[in-house]
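So this block is run09.pdb, PDB, C-alpha atoms:
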```
ATOM      1  CA  MET A   1      11.406  -9.272  27.230
ATOM      2  CA  GLY A   2      14.193  -7.447  25.447
ATOM      3  CA  TRP A   3      14.110  -9.250  22.101
ATOM      4  CA  HIS A   4      10.787 -10.808  21.242
ATOM      5  CA  ALA A   5       9.197  -9.290  18.152
ATOM      6  CA  GLY A   6      11.814  -9.579  15.406
ATOM      7  CA  ASN A   7      11.782  -5.791  14.885
ATOM      8  CA  TRP A   8      14.427  -3.708  16.663
ATOM      9  CA  TYR A   9      12.213  -0.624  16.818
ATOM     10  CA  ILE A  10       9.188  -2.466  18.218
ATOM     11  CA  ASN A  11      11.391  -4.322  20.699
ATOM     12  CA  SER A  12      12.727  -1.034  22.042
ATOM     13  CA  LYS A  13       9.226   0.381  22.512
ATOM     14  CA  SER A  14       7.242  -2.542  23.871
ATOM     15  CA  ILE A  15       6.818  -5.142  26.584
ATOM     16  CA  GLY A  16       6.838  -8.671  25.175
ATOM     17  CA  ILE A  17       4.844 -11.540  26.635
ATOM     18  CA  GLU A  18       5.463 -15.081  25.411
ATOM     19  CA  HIS A  19       2.745 -17.748  25.587
ATOM     20  CA  GLU A  20       3.689 -21.401  25.435
ATOM     21  CA  GLY A  21       2.108 -23.349  22.601
ATOM     22  CA  PHE A  22       1.610 -23.839  18.880
ATOM     23  CA  LEU A  23      -0.843 -21.649  16.991
ATOM     24  CA  ALA A  24      -2.043 -24.520  14.797
ATOM     25  CA  ASP A  25      -3.154 -26.577  17.822
ATOM     26  CA  PRO A  26      -5.199 -24.071  19.833
ATOM     27  CA  ASP A  27      -7.275 -26.421  21.975
ATOM     28  CA  ALA A  28      -4.157 -28.050  23.401
ATOM     29  CA  TRP A  29      -2.522 -24.742  24.324
ATOM     30  CA  PHE A  30      -4.935 -21.777  24.428
ATOM     31  CA  THR A  31      -6.560 -22.745  27.723
ATOM     32  CA  GLU A  32      -8.854 -20.595  29.827
ATOM     33  CA  ALA A  33      -6.118 -20.520  32.460
ATOM     34  CA  MET A  34      -3.718 -19.082  29.879
ATOM     35  CA  TYR A  35      -6.183 -16.425  28.736
ATOM     36  CA  ARG A  36      -6.942 -15.370  32.311
ATOM     37  CA  SER A  37      -3.380 -15.306  33.616
ATOM     38  CA  SER A  38      -2.177 -13.435  30.529
ATOM     39  CA  ALA A  39      -5.006 -10.893  30.761
ATOM     40  CA  ARG A  40      -4.300 -10.362  34.464
ATOM     41  CA  LEU A  41      -0.660  -9.545  33.670
ATOM     42  CA  VAL A  42      -1.538  -7.249  30.753
ATOM     43  CA  ARG A  43      -4.114  -5.367  32.840
ATOM     44  CA  TYR A  44      -1.440  -4.713  35.449
ATOM     45  CA  LEU A  45       1.178  -3.605  32.913
ATOM     46  CA  ALA A  46      -1.277  -1.421  31.002
ATOM     47  CA  HIS A  47      -2.268   0.354  34.210
ATOM     48  CA  ARG A  48       1.321   0.768  35.406
ATOM     49  CA  TYR A  49       2.654   2.102  32.115
ATOM     50  CA  ARG A  50      -0.514   3.873  30.928
ATOM     51  CA  ILE A  51      -0.909   1.722  27.821
ATOM     52  CA  PRO A  52      -4.295   2.078  26.101
ATOM     53  CA  MET A  53      -6.120  -1.235  26.010
ATOM     54  CA  ASP A  54      -6.917  -1.475  22.316
ATOM     55  CA  ARG A  55      -5.639  -3.468  19.337
ATOM     56  CA  GLN A  56      -3.354  -0.652  18.224
ATOM     57  CA  HIS A  57      -1.368  -0.994  21.453
ATOM     58  CA  ILE A  58      -1.951  -4.598  22.512
ATOM     59  CA  ILE A  59      -0.903  -6.619  19.488
ATOM     60  CA  GLY A  60       0.292 -10.088  18.605
ATOM     61  CA  HIS A  61       3.647 -10.940  17.107
ATOM     62  CA  ASP A  62       1.705 -11.490  13.883
ATOM     63  CA  ASN A  63       0.877  -7.776  13.886
ATOM     64  CA  VAL A  64       4.500  -6.611  14.161
ATOM     65  CA  PRO A  65       5.921  -5.258  10.875
ATOM     66  CA  GLY A  66       9.208  -6.276   9.346
ATOM     67  CA  LEU A  67      11.772  -3.564  10.017
ATOM     68  CA  THR A  68      13.277  -3.762   6.510
ATOM     69  CA  PRO A  69      11.959  -5.219   3.237
ATOM     70  CA  ASP A  70      14.045  -8.387   3.477
ATOM     71  CA  ALA A  71      12.617  -9.109   6.961
ATOM     72  CA  VAL A  72       8.922  -8.944   6.056
ATOM     73  CA  ALA A  73       8.463 -12.527   4.836
ATOM     74  CA  GLY A  74      10.130 -14.030   7.915
ATOM     75  CA  MET A  75       8.160 -12.240  10.629
ATOM     76  CA  HIS A  76       6.362 -14.085  13.423
ATOM     77  CA  THR A  77       2.829 -15.397  12.825
ATOM     78  CA  ASP A  78       1.745 -16.107  16.415
ATOM     79  CA  PRO A  79      -0.684 -16.171  18.163
ATOM     80  CA  GLY A  80      -2.418 -16.762  14.842
ATOM     81  CA  PRO A  81      -6.025 -16.942  13.669
ATOM     82  CA  TYR A  82      -7.270 -19.179  16.500
ATOM     83  CA  TRP A  83      -6.408 -16.802  19.350
ATOM     84  CA  ASP A  84      -9.706 -15.427  20.706
ATOM     85  CA  TRP A  85      -9.003 -11.701  20.794
ATOM     86  CA  ALA A  86     -12.591 -10.763  21.690
ATOM     87  CA  HIS A  87     -12.571 -13.048  24.736
ATOM     88  CA  TYR A  88      -9.129 -11.764  25.718
ATOM     89  CA  PHE A  89     -10.276  -8.146  25.630
ATOM     90  CA  ARG A  90     -13.382  -8.969  27.642
ATOM     91  CA  LEU A  91     -11.038 -10.377  30.292
ATOM     92  CA  LEU A  92      -9.029  -7.150  30.074
ATOM     93  CA  GLY A  93     -12.201  -5.229  30.832
ATOM     94  CA  ALA A  94     -12.115  -3.536  27.418
ATOM     95  CA  PRO A  95     -14.584  -5.425  25.186
ATOM     96  CA  PHE A  96     -14.955  -4.473  21.543
ATOM     97  CA  HIS A  97     -18.061  -2.400  20.856
ATOM     98  CA  ALA A  98     -19.495   0.038  18.345
ATOM     99  CA  THR A  99     -18.239   3.599  18.838
ATOM    100  CA  ALA A 100     -20.180   5.247  16.002
ATOM    101  CA  GLU A 101     -23.563   5.072  14.298
ATOM    102  CA  SER A 102     -24.379   2.544  11.596
ATOM    103  CA  GLY A 103     -22.863   3.530   8.262
ATOM    104  CA  ALA A 104     -19.659   4.947   9.776
ATOM    105  CA  ASP A 105     -16.599   5.327   7.566
ATOM    106  CA  ALA A 106     -14.450   3.113   9.809
ATOM    107  CA  VAL A 107     -15.067  -0.303  11.331
ATOM    108  CA  THR A 108     -13.785  -2.573  14.069
ATOM    109  CA  ILE A 109     -13.490  -6.216  13.019
ATOM    110  CA  ASP A 110     -15.425  -8.418  15.434
ATOM    111  CA  PRO A 111     -16.639 -11.787  14.100
ATOM    112  CA  SER A 112     -18.455 -14.284  16.297
ATOM    113  CA  TYR A 113     -15.523 -16.473  17.333
ATOM    114  CA  PRO A 114     -17.364 -19.811  17.653
ATOM    115  CA  ARG A 115     -19.324 -19.362  14.396
ATOM    116  CA  ASN A 116     -16.479 -17.895  12.342
ATOM    117  CA  GLU A 117     -14.632 -20.893  10.886
ATOM    118  CA  PRO A 118     -12.405 -19.891   7.955
ATOM    119  CA  ALA A 119     -11.194 -22.758   5.775
ATOM    120  CA  LEU A 120      -7.481 -22.786   6.587
ATOM    121  CA  THR A 121      -4.735 -25.225   5.643
ATOM    122  CA  GLY A 122      -1.335 -26.403   6.837
ATOM    123  CA  CYS A 123      -2.010 -27.001  10.537
ATOM    124  CA  VAL A 124      -0.264 -30.359  10.766
ATOM    125  CA  THR A 125       0.241 -31.722   7.262
ATOM    126  CA  PRO A 126      -0.648 -30.287   3.868
ATOM    127  CA  GLY A 127      -4.404 -30.189   3.627
ATOM    128  CA  PRO A 128      -7.324 -28.595   5.462
ATOM    129  CA  CYS A 129      -7.189 -27.699   9.135
ATOM    130  CA  ALA A 130      -9.990 -28.951  11.347
ATOM    131  CA  GLN A 131     -12.881 -26.500  11.427
ATOM    132  CA  HIS A 132     -12.409 -24.221  14.410
ATOM    133  CA  GLY A 133     -13.587 -20.887  15.724
ATOM    134  CA  SER A 134     -11.402 -17.954  14.743
ATOM    135  CA  SER A 135     -10.820 -14.239  15.258
ATOM    136  CA  ALA A 136      -9.721 -13.835  11.634
ATOM    137  CA  VAL A 137     -11.780 -12.995   8.564
ATOM    138  CA  MET A 138     -10.489 -13.751   5.079
ATOM    139  CA  LEU A 139     -10.123 -10.885   2.616
ATOM    140  CA  TYR A 140     -10.925 -11.139  -1.106
ATOM    141  CA  THR A 141     -10.302  -8.973  -4.166
ATOM    142  CA  ALA A 142     -14.046  -8.877  -4.905
ATOM    143  CA  PRO A 143     -17.265  -9.564  -2.961
ATOM    144  CA  SER A 144     -17.236 -13.304  -3.629
ATOM    145  CA  VAL A 145     -15.646 -16.337  -1.977
ATOM    146  CA  SER A 146     -14.644 -17.488  -5.457
ATOM    147  CA  ALA A 147     -12.547 -14.331  -5.965
ATOM    148  CA  PRO A 148      -8.796 -14.486  -5.267
ATOM    149  CA  LEU A 149      -7.538 -13.491  -1.846
ATOM    150  CA  VAL A 150      -5.955 -10.039  -1.667
ATOM    151  CA  GLY A 151      -2.202 -10.056  -2.181
ATOM    152  CA  ASP A 152       0.658  -9.060   0.085
ATOM    153  CA  VAL A 153       3.758  -8.202  -1.962
ATOM    154  CA  GLY A 154       5.925  -8.343   1.140
ATOM    155  CA  LEU A 155       5.025 -11.965   1.805
ATOM    156  CA  HIS A 156       4.418 -13.052  -1.784
ATOM    157  CA  PRO A 157       6.205 -11.182  -4.585
ATOM    158  CA  SER A 158       3.729 -12.841  -6.948
ATOM    159  CA  GLY A 159       0.951 -11.136  -4.990
ATOM    160  CA  LYS A 160      -0.918 -14.384  -4.292
ATOM    161  CA  SER A 161      -1.885 -14.978  -0.664
ATOM    162  CA  THR A 162      -2.844 -18.452   0.580
ATOM    163  CA  THR A 163      -5.104 -20.050   3.165
ATOM    164  CA  ASP A 164      -2.126 -21.433   5.099
ATOM    165  CA  VAL A 165      -2.590 -20.983   8.836
ATOM    166  CA  ASN A 166       0.676 -18.985   9.001
ATOM    167  CA  ASP A 167      -0.089 -16.735   6.016
ATOM    168  CA  THR A 168      -1.182 -13.318   7.313
ATOM    169  CA  GLY A 169      -1.422 -11.744   3.852
ATOM    170  CA  ALA A 170      -5.209 -11.721   3.488
ATOM    171  CA  ARG A 171      -6.616 -11.503   6.995
ATOM    172  CA  ALA A 172      -8.158  -8.972   9.327
ATOM    173  CA  SER A 173      -8.500  -9.893  12.978
ATOM    174  CA  ALA A 174     -10.868  -9.056  15.818
ATOM    175  CA  GLY A 175     -10.320  -5.603  17.269
ATOM    176  CA  GLN A 176      -8.396  -4.248  14.300
ATOM    177  CA  GLN A 177      -9.805  -1.101  12.719
ATOM    178  CA  TYR A 178      -9.949  -0.132   9.060
ATOM    179  CA  VAL A 179     -11.493   2.511   6.811
ATOM    180  CA  VAL A 180     -14.485   1.409   4.754
ATOM    181  CA  ALA A 181     -13.936   1.357   0.988
ATOM    182  CA  GLY A 182     -17.400   0.114  -0.026
ATOM    183  CA  HIS A 183     -20.394  -2.141   0.527
ATOM    184  CA  LYS A 184     -22.142  -4.604  -1.730
ATOM    185  CA  GLY A 185     -24.869  -6.963  -0.622
ATOM    186  CA  GLY A 186     -23.689  -8.763   2.498
ATOM    187  CA  TRP A 187     -20.063  -7.711   1.939
ATOM    188  CA  THR A 188     -17.890  -4.832   3.184
ATOM    189  CA  ALA A 189     -14.657  -3.577   1.621
ATOM    190  CA  ILE A 190     -11.822  -1.948   3.554
ATOM    191  CA  TRP A 191      -8.572  -0.300   2.519
ATOM    192  CA  TYR A 192      -5.838  -2.855   3.136
ATOM    193  CA  LEU A 193      -2.206  -2.826   1.927
ATOM    194  CA  GLY A 194      -3.045  -0.262  -0.733
ATOM    195  CA  GLN A 195      -6.053  -2.105  -2.183
ATOM    196  CA  GLU A 196      -9.725  -2.870  -1.656
ATOM    197  CA  ALA A 197     -10.220  -5.977   0.481
ATOM    198  CA  TRP A 198     -13.665  -7.559   0.791
ATOM    199  CA  PHE A 199     -15.045  -9.690   3.620
ATOM    200  CA  ARG A 200     -18.427 -11.239   4.260
ATOM    201  CA  ASP A 201     -20.494  -9.004   6.535
ATOM    202  CA  PRO A 202     -24.074 -10.306   6.411
ATOM    203  CA  HIS A 203     -26.787  -7.994   7.707
ATOM    204  CA  ARG A 204     -28.087 -10.524  10.225
ATOM    205  CA  ARG A 205     -24.655 -11.421  11.586
ATOM    206  CA  ARG A 206     -22.406  -8.401  11.327
ATOM    207  CA  VAL A 207     -18.643  -8.873  11.384
ATOM    208  CA  ALA A 208     -17.848  -5.145  11.366
ATOM    209  CA  LEU A 209     -18.771  -2.726  14.152
ATOM    210  CA  PRO A 210     -19.086   0.978  13.229
ATOM    211  CA  ALA A 211     -16.154   2.914  14.648
ATOM    212  CA  ARG A 212     -15.079   6.475  15.325
ATOM    213  CA  ALA A 213     -11.410   6.853  14.380
ATOM    214  CA  VAL A 214      -8.615   9.194  13.375
ATOM    215  CA  VAL A 215      -7.389   8.313   9.887
ATOM    216  CA  ALA A 216      -4.353   9.231   7.798
ATOM    217  CA  THR A 217      -4.554  10.066   4.075
ATOM    218  CA  PRO A 218      -1.681  11.058   1.730
ATOM    219  CA  ARG A 219      -1.311  14.816   1.422
ATOM    220  CA  ARG A 220      -2.909  16.397  -1.616
ATOM    221  CA  GLY A 221      -0.688  16.228  -4.681
ATOM    222  CA  LEU A 222       1.107  13.016  -3.648
ATOM    223  CA  ALA A 223       0.354  10.005  -5.846
ATOM    224  CA  SER A 224       1.479   7.656  -3.077
ATOM    225  CA  ILE A 225       3.641   7.720   0.041
ATOM    226  CA  PRO A 226       6.182   5.319   1.548
ATOM    227  CA  VAL A 227       5.375   2.993   4.422
ATOM    228  CA  TYR A 228       7.948   2.218   7.124
ATOM    229  CA  GLY A 229       8.682  -0.701   9.436
ATOM    230  CA  GLY A 230      10.029   1.562  12.196
ATOM    231  CA  ALA A 231      10.127   5.237  13.153
ATOM    232  CA  PHE A 232      13.784   6.218  12.839
ATOM    233  CA  PRO A 233      15.121   9.765  12.294
ATOM    234  CA  LYS A 234      16.354  10.672   8.811
ATOM    235  CA  ALA A 235      19.984   9.812   8.025
ATOM    236  CA  SER A 236      20.941  13.489   8.174
ATOM    237  CA  ALA A 237      20.114  13.557  11.904
ATOM    238  CA  PHE A 238      22.850  11.051  12.816
ATOM    239  CA  PRO A 239      26.238  12.296  14.089
ATOM    240  CA  ALA A 240      29.341  11.092  12.273
ATOM    241  CA  ASP A 241      30.310   8.625  15.023
ATOM    242  CA  VAL A 242      26.974   6.775  14.983
ATOM    243  CA  PRO A 243      26.310   4.337  12.139
ATOM    244  CA  VAL A 244      23.064   5.004  10.293
ATOM    245  CA  PRO A 245      20.696   2.013  10.664
ATOM    246  CA  ALA A 246      19.212   0.237   7.678
ATOM    247  CA  ASP A 247      16.511   2.086   5.767
ATOM    248  CA  THR A 248      13.104   1.063   7.152
ATOM    249  CA  THR A 249      11.184   1.957   3.970
ATOM    250  CA  LEU A 250       9.189  -1.142   3.064
ATOM    251  CA  GLN A 251       8.061  -2.524  -0.307
ATOM    252  CA  TYR A 252       4.536  -1.167   0.217
ATOM    253  CA  ARG A 253       3.065   2.167  -0.920
ATOM    254  CA  LEU A 254       0.016   3.984   0.406
ATOM    255  CA  PRO A 255      -1.863   5.387  -2.619
ATOM    256  CA  ALA A 256      -3.665   8.705  -2.868
ATOM    257  CA  GLY A 257      -7.340   8.469  -2.046
ATOM    258  CA  GLU A 258      -6.944   5.724   0.554
ATOM    259  CA  SER A 259      -7.123   6.215   4.320
ATOM    260  CA  TYR A 260      -5.918   4.109   7.239
ATOM    261  CA  VAL A 261      -6.752   4.185  10.941
ATOM    262  CA  VAL A 262      -4.116   5.822  13.142
ATOM    263  CA  GLY A 263      -3.168   3.951  16.288
ATOM    264  CA  ASP A 264      -0.653   6.371  17.761
ATOM    265  CA  GLU A 265       1.649   9.317  17.142
ATOM    266  CA  VAL A 266       5.313   8.486  17.719
ATOM    267  CA  ALA A 267       8.548  10.463  17.614
ATOM    268  CA  GLY A 268      11.354   9.264  15.400
ATOM    269  CA  ASP A 269      14.217   8.125  17.607
ATOM    270  CA  TYR A 270      17.141   5.725  17.723
ATOM    271  CA  TYR A 271      19.177   4.551  20.706
ATOM    272  CA  TYR A 272      22.791   3.563  20.067
ATOM    273  CA  ALA A 273      25.400   1.969  22.335
ATOM    274  CA  LYS A 274      28.221  -0.416  21.402
ATOM    275  CA  ALA A 275      27.849  -2.266  24.710
ATOM    276  CA  TYR A 276      25.728  -1.988  27.828
ATOM    277  CA  ASP A 277      28.454  -0.066  29.679
ATOM    278  CA  SER A 278      29.608   2.126  26.764
ATOM    279  CA  VAL A 279      28.669   5.693  25.883
ATOM    280  CA  ARG A 280      25.002   5.908  24.928
ATOM    281  CA  THR A 281      23.618   8.109  22.192
ATOM    282  CA  TRP A 282      19.945   8.857  21.585
ATOM    283  CA  ILE A 283      19.103  10.408  18.214
ATOM    284  CA  ARG A 284      15.725  12.068  17.794
ATOM    285  CA  GLY A 285      14.003  13.598  14.815
ATOM    286  CA  GLY A 286      10.756  13.527  12.862
ATOM    287  CA  LYS A 287       7.224  12.445  13.668
ATOM    288  CA  TYR A 288       5.366   9.357  12.509
ATOM    289  CA  TYR A 289       1.937   7.816  12.818
ATOM    290  CA  GLU A 290       1.388   4.127  13.462
ATOM    291  CA  ILE A 291      -1.363   2.876  11.146
ATOM    292  CA  GLN A 292      -3.265  -0.372  10.670
ATOM    293  CA  PHE A 293      -2.084  -0.943   7.111
ATOM    294  CA  GLY A 294      -2.667  -4.674   6.601
ATOM    295  CA  HIS A 295      -2.737  -7.441   9.155
ATOM    296  CA  ARG A 296       0.347  -5.776  10.632
ATOM    297  CA  VAL A 297       0.839  -2.219  11.818
ATOM    298  CA  GLU A 298       3.197   0.027   9.852
ATOM    299  CA  PHE A 299       4.372   3.640  10.086
ATOM    300  CA  VAL A 300       4.030   6.741   7.898
ATOM    301  CA  ARG A 301       5.770  10.091   8.247
ATOM    302  CA  ALA A 302       3.515  12.809   9.628
ATOM    303  CA  SER A 303       4.766  15.161   6.913
ATOM    304  CA  ASP A 304       3.339  12.823   4.231
ATOM    305  CA  VAL A 305      -0.246  12.675   5.506
ATOM    306  CA  THR A 306      -3.216  14.680   6.681
ATOM    307  CA  LEU A 307      -5.394  13.508   9.569
ATOM    308  CA  ASP A 308      -9.177  13.413   9.738
ATOM    309  CA  LEU A 309     -11.710  12.204  12.260
ATOM    310  CA  VAL A 310     -14.256   9.834  10.765
ATOM    311  CA  ARG A 311     -17.421   8.683  12.493
TER     312      ARG A 311
END
```
Mind turning the file's structure into structure tokens?
Amino acid sequence: MGWHAGNWYINSKSIGIEHEGFLADPDAWFTEAMYRSSARLVRYLAHRYRIPMDRQHIIGHDNVPGLTPDAVAGMHTDPGPYWDWAHYFRLLGAPFHATAESGADAVTIDPSYPRNEPALTGCVTPGPCAQHGSSAVMLYTAPSVSAPLVGDVGLHPSGKSTTDVNDTGARASAGQQYVVAGHKGGWTAIWYLGQEAWFRDPHRRRVALPARAVVATPRRGLASIPVYGGAFPKASAFPADVPVPADTTLQYRLPAGESYVVGDEVAGDYYYAKAYDSVRTWIRGGKYYEIQFGHRVEFVRASDVTLDLVR
């Protein structure tokens, strides 16, 4: 689909698949037939276009970043916390699994879908949603369910995330990978939107699988670096007859000392044409890395970070 994600850059670089349904009513819509037919199509497309079958490349609309700061709060939230990503990837033939030894510095989120039942609200009317299996784990500011949820300044200028089924501000989902920030008791902390985010990870029922990953960290001497919603060339790269697109620098910052898993390396580019049959211009310049920054992917300039392999 040509326009599906609400982000011009992502739309121009992806294949969009729409599923019929409502994310707050999963049992009525997320049928086994839907999972299987969707997975069959994605397997075919991934093979044809050489798309890696992982959660950095196969994402939901709820993982797409806002292109500009004013777009962040209005981005899509589907397929939502009740989509069974682990089952979907098993159907793709690419199940989630540990790729490093215990104690690794990065993790893959992988809760037990049927036993993981976060207390969410807002499914039909104000109030609690029915208990239901979920791919999502809730993220807290401290290792306690009584602690506040981590904030997302793009969604909530006040910094206060909620348990609403459409609020992606304090969630990590199955298959997503993050860098470990700490452990305490049966809890694990990850770096998430520039802060420590804690989730329950009991020893007898692990939620996090140890992972081998390439991670990006701000270059030495930088207190923090900007985060982008798309990988466009710098304004100076645009010819005079091509309008410079809106600045994709978002309201987030990536602080020194924090690291985030890299999903891909992408070239900065921008395609411009006034109409389908008019003169086309393709502007290129710069290099970015796609990172798993929060629940959504974001981009950082390669010149702002150093890369390391953690295991």
Exercise. Applied to the shown file, which residues does the PyMOL selection byres ((chain A and resi 307) around 6) return, written as a VMD selection string?
Worked result: chain A and resid 215 to 216 306 308
Exercise. How many Å separate atom CA of Pro52 of chain A from atom CA of Gly263 of chain A?
Worked result: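 That distance, rounded to one decimal, is 10.1 Å.
Applied to the shown file, the PyMOL selection byres ((chain A and resi 222-230) around 7) selects the residues Tyr9, Pro65, Gly66, Leu67, Thr68, Pro218, Arg219, Arg220, Gly221, Ala231, Phe232, Thr248, Thr249, Leu250, Tyr252, Arg253, Leu254, Pro255, Ala256, Glu298, Phe299, Val300 and Asp304 of chain A.
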Evaluate the PyMOL selection byres ((chain A and resi 105) around 10) and record the selected residues as a PDB file with C-alpha atoms, in the coordinates of the input, following the chain and residue labels used in the document.
```
ATOM      1  CA  ALA A 100     -20.180   5.247  16.002  1.00  0.00           C
ATOM      2  CA  GLU A 101     -23.563   5.072  14.298  1.00  0.00           C
ATOM      3  CA  SER A 102     -24.379   2.544  11.596  1.00  0.00           C
ATOM      4  CA  GLY A 103     -22.863   3.530   8.262  1.00  0.00           C
ATOM      5  CA  ALA A 104     -19.659   4.947   9.776  1.00  0.00           C
ATOM      6  CA  ALA A 106     -14.450   3.113   9.809  1.00  0.00           C
ATOM      7  CA  VAL A 107     -15.067  -0.303  11.331  1.00  0.00           C
ATOM      8  CA  TYR A 178      -9.949  -0.132   9.060  1.00  0.00           C
ATOM      9  CA  VAL A 179     -11.493   2.511   6.811  1.00  0.00           C
ATOM     10  CA  VAL A 180     -14.485   1.409   4.754  1.00  0.00           C
ATOM     11  CA  ALA A 181     -13.936   1.357   0.988  1.00  0.00           C
ATOM     12  CA  GLY A 182     -17.400   0.114  -0.026  1.00  0.00           C
ATOM     13  CA  ILE A 190     -11.822  -1.948   3.554  1.00  0.00           C
ATOM     14  CA  PRO A 210     -19.086   0.978  13.229  1.00  0.00           C
ATOM     15  CA  ALA A 211     -16.154   2.914  14.648  1.00  0.00           C
ATOM     16  CA  ARG A 212     -15.079   6.475  15.325  1.00  0.00           C
ATOM     17  CA  ALA A 213     -11.410   6.853  14.380  1.00  0.00           C
ATOM     18  CA  VAL A 215      -7.389   8.313   9.887  1.00  0.00           C
ATOM     19  CA  LEU A 309     -11.710  12.204  12.260  1.00  0.00           C
ATOM     20  CA  VAL A 310     -14.256   9.834  10.765  1.00  0.00           C
ATOM     21  CA  ARG A 311     -17.421   8.683  12.493  1.00  0.00           C
TER      22      ARG A 311
END
```
Exercise. What does the distance from atom CA of Asp27 of chain A to atom CA of Ala170 of chain A come to in Å, to one decimal?
Worked result: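 These atoms are spaced 23.7 Å apart.
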For this session: Using only C-alpha atoms, pick whichever of A:Arg90, A:Lys274, A:Lys234, A:Arg205 has the shortest atom-to-atom distance to Tyr288 of chain A.
Result: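 Residue with the minimum atom-to-atom distance to Tyr288 of chain A: A:Lys234.
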Exercise. Interatomic distance between atom CA of Ala208 of chain A and atom CA of Thr188 of chain A?
Worked result: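 One can read the atom CA of Ala208 of chain A to atom CA of Thr188 of chain A distance as 8.2 Å.
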Might I get the box with edges along x, y and z of the file that holds all atoms of segment 10-13 of chain A listed there, padded by 4 Å on every side, given as centre and edge lengths in Å to one decimal, as AutoDock Vina command-line options?
```
--center_x 11.0 --center_y -2.0 --center_z 20.4 --size_x 11.5 --size_y 12.7 --size_z 12.3
```
Problem set entry | Residue neighbourhood Glu265 of chain A, 9 Å, only C-alpha atoms, exclusion window fewer than 4 positions, as a list in words | Lys287, Tyr288, Tyr289, Glu290 and Ala302 of chain A
